[in-house]
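Here's the structure, in structure tokens; my notes come after.
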Amino acid sequence: MADQPRLSLRALNRATLDRQLLLRRHEMPAQQAIRHLGGLQAQAPLAPYVGLWTRLGGFTTDELSALLSERTVVRAPIMRATVHLADTADFVAFRPLFGPLMAAGLRANYARTLTGADLNALAAQAAGLLVQRPLTRAQLARELAAAWPAAEPMSLAYAVTYLVPVVQVPPRGIWGKNAQATWTTAESWLAEPIGPAKPEAVDALVLRYLAAFGPATVADIQTWSGLTRLREVTDRLELRAYRGPDGAELLDLPDKELPPEDVPAPPRFLPEYDNLLLSHADRRRVIAHEHPVPLWPGNGATQGTLLIDGVWDATWKITVDALTITPFRRLTAAEESAITDESAKLLAFTCPADPTRPIRFVPAELTRAASPSSYHLRWDNSAAGSEGRRNSAGRWLFPRSP
């Protein structure tokens with residue numbers, strides 16, 4: 001342990017931002033960025049467009065739309081059994097690793113509502129239907145209900161996305177389109193079999209994670225992927241080891257250099273569900289407070305989170321009236337100016353027909369919502385009732401309104 005360098009939270013922050021392409025915009029094709037990042041979480045179908053725009057110079061919506069239409073990238077459940085935008089070759093290689101995770105998710109969520117359903121027969125019938133034509137879940141439920149009348153029809157449809165490797169087809173996920181999620185089998189869409197997991201695939205997946213999110217603990221890798229028993233994998237790989245601020249072992253690729261702790265981190269707009277905020281068991285490297293990560297419903301590209309000096313310290317939302325920034329703390333004049341400049345770029349990207357709408361900074365007090373996966377903002381410009389509290393580092397968790 002003595003020969004393992006200890007990294008501060010700030011060092012981890014800057015290293016992660018560097019791996020996530022967020023210290024500067026990179027000149028690389030979108031497909032290369034998607035591969036490097038190990039995919040982008042994409043329940044909100046348009047969110048990856050903002051996720052790529054904030055990381056890449058010269059990125060256009062047409063570039064990603066073309067990749068989806070050409071089947072070079074796909075939208076499909078994979079890591080954590082959630083919908084991601086993934087490189088097609090990566091999906092074919094890595095999707096078989098997640099069969100046990102999908103099976104566990106099916107048992108946990110639908111065991112009680114699939115009365116009488118033979119899962120093997122269900123998978124076979126559904127695959128046959130989806131090969132004929134892509135179907136929404138509602139359409140699939142209607143087609144399957146007659147065979148298993150004791151089961152809840154929509155549960156049958158949801159079960160299929162756990163039992164069969166499937167993808168969502170365009171126009172879902174195409175910029176400027178508003179389409180229902182429509183599914184087909186991955187094998188028919190890609191004209192390539194999704195076979196059993198190859199022994200080397202899990203090693204490649206772990207290395208891909210460390211390239212995009214490291215240095216990280218085994219628990220971090222498991223949080224991002226949803227897989228377990230990954231210590232067995234890291235023990236056989238040649239990795240570099242560090243110690244984190246609390247002494248935990250952090251693993252990394254042996255040839256990766258870390259950026260200086262004092263490298264500037266410009267403001268960066270992140271979309272809904274960005275994996276930067278969701279892919280570590282210990283999120284303190286990018287979240288220095290106790291606000292739960294918001295998981296907004298919708299198509300994406302209209303709201304998200306904002307990094308200020310490398311950490312999540314604000315939310316943003318675009319409406320027909322304005323781009324509204326809601327910080328969690330007082331901003332300096334320099335920070336507000338830099339955010340305003342970046343806001344103008346965001347509006348030019350997302351709203352090219354009306355990029356001059358106002359940019360507003362609205363003070364707010366953050367209050368917990370009933371759901372641990374979301375929150376709401378209580379507008380309050382007075383000091384009364386907004387005393388807040390500080391964490392052990394003296395940071396305001398519920399800041400005073402200015």
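As shown in the structure tokens, the chain order sets the letters A, B, ...; within each chain, residues go from 1, and ligands are also counted from 1 in the order they appear.
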Check your understanding: Would you give me, as a ChimeraX atom specification, the residues in stretch 51-203 of chain A that DSSP reads as alpha helix (DSSP H)?
Key -> /A:51-53,61-69,88-94,99-110,119-132,137-145,153-163,186-190,201-203
**Study point:** 12 Å contact set for A:Ala123, only C-alpha atoms, chain neighbours under 6 positions out, as number ranges by chain
**Key:** A: 117, 129-130, 140, 144, 156-166, 185
For the selection just defined, write its residues with C-alpha atoms to a file, as a PDB file, in the first residue's frame.
ATOM      1  CA  ALA A 117     -46.075 -17.713 -18.826  1.00  0.00           C
ATOM      2  CA  LEU A 129     -43.190 -11.307 -34.052  1.00  0.00           C
ATOM      3  CA  LEU A 130     -40.440  -8.677 -33.848  1.00  0.00           C
ATOM      4  CA  LEU A 140     -46.386  -6.483 -28.530  1.00  0.00           C
ATOM      5  CA  LEU A 144     -48.840 -11.913 -26.778  1.00  0.00           C
ATOM      6  CA  LEU A 156     -45.360  -9.822 -21.094  1.00  0.00           C
ATOM      7  CA  ALA A 157     -44.111  -7.035 -23.360  1.00  0.00           C
ATOM      8  CA  TYR A 158     -41.619  -5.722 -20.814  1.00  0.00           C
ATOM      9  CA  ALA A 159     -40.407  -9.251 -20.138  1.00  0.00           C
ATOM     10  CA  VAL A 160     -39.433  -9.580 -23.782  1.00  0.00           C
ATOM     11  CA  THR A 161     -36.870  -6.774 -23.474  1.00  0.00           C
ATOM     12  CA  TYR A 162     -35.211  -8.797 -20.696  1.00  0.00           C
ATOM     13  CA  LEU A 163     -35.452 -12.173 -22.427  1.00  0.00           C
ATOM     14  CA  VAL A 164     -34.441 -11.226 -25.982  1.00  0.00           C
ATOM     15  CA  PRO A 165     -31.578  -8.974 -27.139  1.00  0.00           C
ATOM     16  CA  VAL A 166     -33.574  -6.119 -28.685  1.00  0.00           C
ATOM     17  CA  THR A 185     -34.522  -8.097 -32.364  1.00  0.00           C
TER      18      THR A 185
END
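Of note, atom CA of A:Ile325 and atom CA of A:Phe361 are spaced 4.8 Å apart.
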Check your understanding: So how far away is atom CA of A:Arg208 from atom CA of A:Gln31, in Å?
Key ->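 Atom-to-atom, atom CA of A:Gln31 and atom CA of A:Arg208 are spaced 14.7 Å apart.
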Point to revise | Contact residues around A:Leu207 with only C-alpha atoms at 9 Å, ignoring same-chain residues under 4 positions, as JSON, numbers by chain | key: {"A": [202, 203, 211, 212, 237, 252, 253]}
Point to revise | Counting only C-alpha atoms, the option among A:Pro96, A:Pro134, A:Gly58, A:Pro264 closest to A:Pro193 | key: A:Pro96
Exercise for review: Please run DSSP on the backbone and report, as JSON, numbers by chain, all residues within stretch 35-258 of chain A that come out as strand (DSSP E or B).
Suggested key: {"A": [40, 41, 56, 73, 74, 75, 76, 77, 78, 80, 83, 84, 85, 86, 87, 135, 136, 166, 167, 168, 182, 183, 184, 185, 216, 240, 241, 242, 243, 249, 250, 251, 252]}
Practice item. Tell me, as an MDAnalysis selection string, which residues lie within 9 Å of A:Thr88, counting only C-alpha atoms; anything in the same chain fewer than 2 positions away does not count. Key: chainID A and resid 71:74 86 90:93 190
Could the residues in this selection be saved with N, CA and C atoms as an mmCIF file, in the first residue's frame?
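As a result, selection-v2.cif now contains:
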data_model
loop_
_atom_site.group_PDB
_atom_site.id
_atom_site.type_symbol
_atom_site.label_atom_id
_atom_site.label_comp_id
_atom_site.auth_asym_id
_atom_site.auth_seq_id
_atom_site.Cartn_x
_atom_site.Cartn_y
_atom_site.Cartn_z
ATOM 1 N N ARG A 71 -27.265 2.228 -38.750
ATOM 2 C CA ARG A 71 -27.106 1.093 -37.824
ATOM 3 C C ARG A 71 -25.671 0.931 -37.354
ATOM 4 N N THR A 72 -24.905 2.005 -37.432
ATOM 5 C CA THR A 72 -23.533 2.000 -36.926
ATOM 6 C C THR A 72 -23.518 2.090 -35.411
ATOM 7 N N VAL A 73 -24.525 2.747 -34.837
ATOM 8 C CA VAL A 73 -24.755 2.745 -33.400
ATOM 9 C C VAL A 73 -26.204 2.322 -33.173
ATOM 10 N N VAL A 74 -26.489 1.833 -31.975
ATOM 11 C CA VAL A 74 -27.828 1.364 -31.661
ATOM 12 C C VAL A 74 -28.269 1.900 -30.306
ATOM 13 N N ALA A 86 -25.061 2.842 -28.016
ATOM 14 C CA ALA A 86 -23.814 2.074 -28.046
ATOM 15 C C ALA A 86 -23.342 1.865 -29.466
ATOM 16 N N ASP A 90 -19.561 -2.862 -30.284
ATOM 17 C CA ASP A 90 -19.526 -3.019 -28.833
ATOM 18 C C ASP A 90 -20.763 -3.746 -28.334
ATOM 19 N N PHE A 91 -21.924 -3.385 -28.872
ATOM 20 C CA PHE A 91 -23.159 -4.026 -28.434
ATOM 21 C C PHE A 91 -23.117 -5.524 -28.714
ATOM 22 N N VAL A 92 -22.678 -5.899 -29.898
ATOM 23 C CA VAL A 92 -22.615 -7.316 -30.243
ATOM 24 C C VAL A 92 -21.645 -8.054 -29.313
ATOM 25 N N ALA A 93 -20.528 -7.416 -28.981
ATOM 26 C CA ALA A 93 -19.528 -8.062 -28.130
ATOM 27 C C ALA A 93 -19.954 -8.138 -26.674
ATOM 28 N N LEU A 190 -29.338 -5.929 -37.012
ATOM 29 C CA LEU A 190 -27.915 -5.803 -37.304
ATOM 30 C C LEU A 190 -27.418 -6.876 -38.258
#
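You can rank A:Pro355, A:Gly57, A:Gly244, A:Gly173 by their closest distance to A:Ala322 using only C-alpha atoms, and at the top of that list sits A:Pro355.
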Review point. How many Å lie between atom CA of A:Glu200 and atom CA of A:Asp87, rounded to one decimal?
Key: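 Spanning atom CA of A:Glu200 to atom CA of A:Asp87 is a straight-line distance of 18.0 Å.
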Review point. Hey, what's within 9 Å of A:Gln43 if we count only C-alpha atoms and toss same-chain stuff fewer than 4 positions away? As a VMD selection string, please?
Key: chain A and resid 47 75 82 to 84 272 to 273 297 to 300
Exercise for review: Write out as a list of chain:residue names which residues come within 10 Å of A:Asp62 when counting only C-alpha atoms, dropping same-chain ones fewer than 3 positions away.
Suggested key: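 Neighbouring residues, sequence-local ones excluded: A:Tyr49, A:Phe59, A:Ser65, A:Ala66, A:Leu67, A:Leu68, A:Ile174, A:Trp175.
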Pull N, CA and C atoms from the residues just selected and write them as a tab-separated table (two decimals), in the first residue's frame.
chain	number	residue	atom	x	y	z
A	49	TYR	N	-27.35	13.63	-27.80
A	49	TYR	CA	-26.92	14.72	-28.68
A	49	TYR	C	-26.23	15.81	-27.86
A	59	PHE	N	-19.36	18.87	-33.57
A	59	PHE	CA	-20.41	17.85	-33.62
A	59	PHE	C	-21.71	18.46	-34.12
A	65	SER	N	-27.60	11.33	-36.01
A	65	SER	CA	-28.79	10.79	-36.69
A	65	SER	C	-28.39	9.82	-37.80
A	66	ALA	N	-27.33	10.15	-38.53
A	66	ALA	CA	-26.87	9.27	-39.61
A	66	ALA	C	-26.33	7.96	-39.05
A	67	LEU	N	-25.60	8.02	-37.94
A	67	LEU	CA	-25.06	6.80	-37.34
A	67	LEU	C	-26.19	5.85	-36.92
A	68	LEU	N	-27.27	6.42	-36.38
A	68	LEU	CA	-28.41	5.60	-35.99
A	68	LEU	C	-29.12	5.02	-37.22
A	174	ILE	N	-33.87	9.99	-33.31
A	174	ILE	CA	-33.43	10.86	-34.40
A	174	ILE	C	-33.80	12.29	-34.06
A	175	TRP	N	-32.84	13.20	-34.19
A	175	TRP	CA	-33.04	14.60	-33.84
A	175	TRP	C	-34.17	15.20	-34.68
Given only C-alpha atoms, how would the per-residue table for stretch 284-352 of chain A near stretch 266-271 of chain A read, listing every residue at most 6 Å away with its closest atom pair and distance in Å to one decimal, sorted by chain and number, as CSV?
residue,atom,partner,partner_atom,distance
A:Gly304,CA,A:Pro271,CA,4.5
A:Thr305,CA,A:Leu270,CA,5.2
A:Leu306,CA,A:Phe269,CA,4.7
A:Leu307,CA,A:Arg268,CA,5.1
A:Ile308,CA,A:Pro267,CA,4.9
A:Ile339,CA,A:Pro267,CA,6.0
The selected residues should be written to file as a compact mmCIF listing (two decimals), in the first residue's frame (atoms: C-alpha atoms).
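Full text of part-v3.txt as output:
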# COMPACT_ATOMS: atom_id res chain seq x y z
CA GLY A 304 -30.02 18.69 -17.48
CA THR A 305 -27.22 19.32 -15.04
CA LEU A 306 -24.37 21.83 -15.15
CA LEU A 307 -20.75 21.33 -14.09
CA ILE A 308 -19.12 24.39 -12.52
CA ILE A 339 -21.70 30.01 -17.93
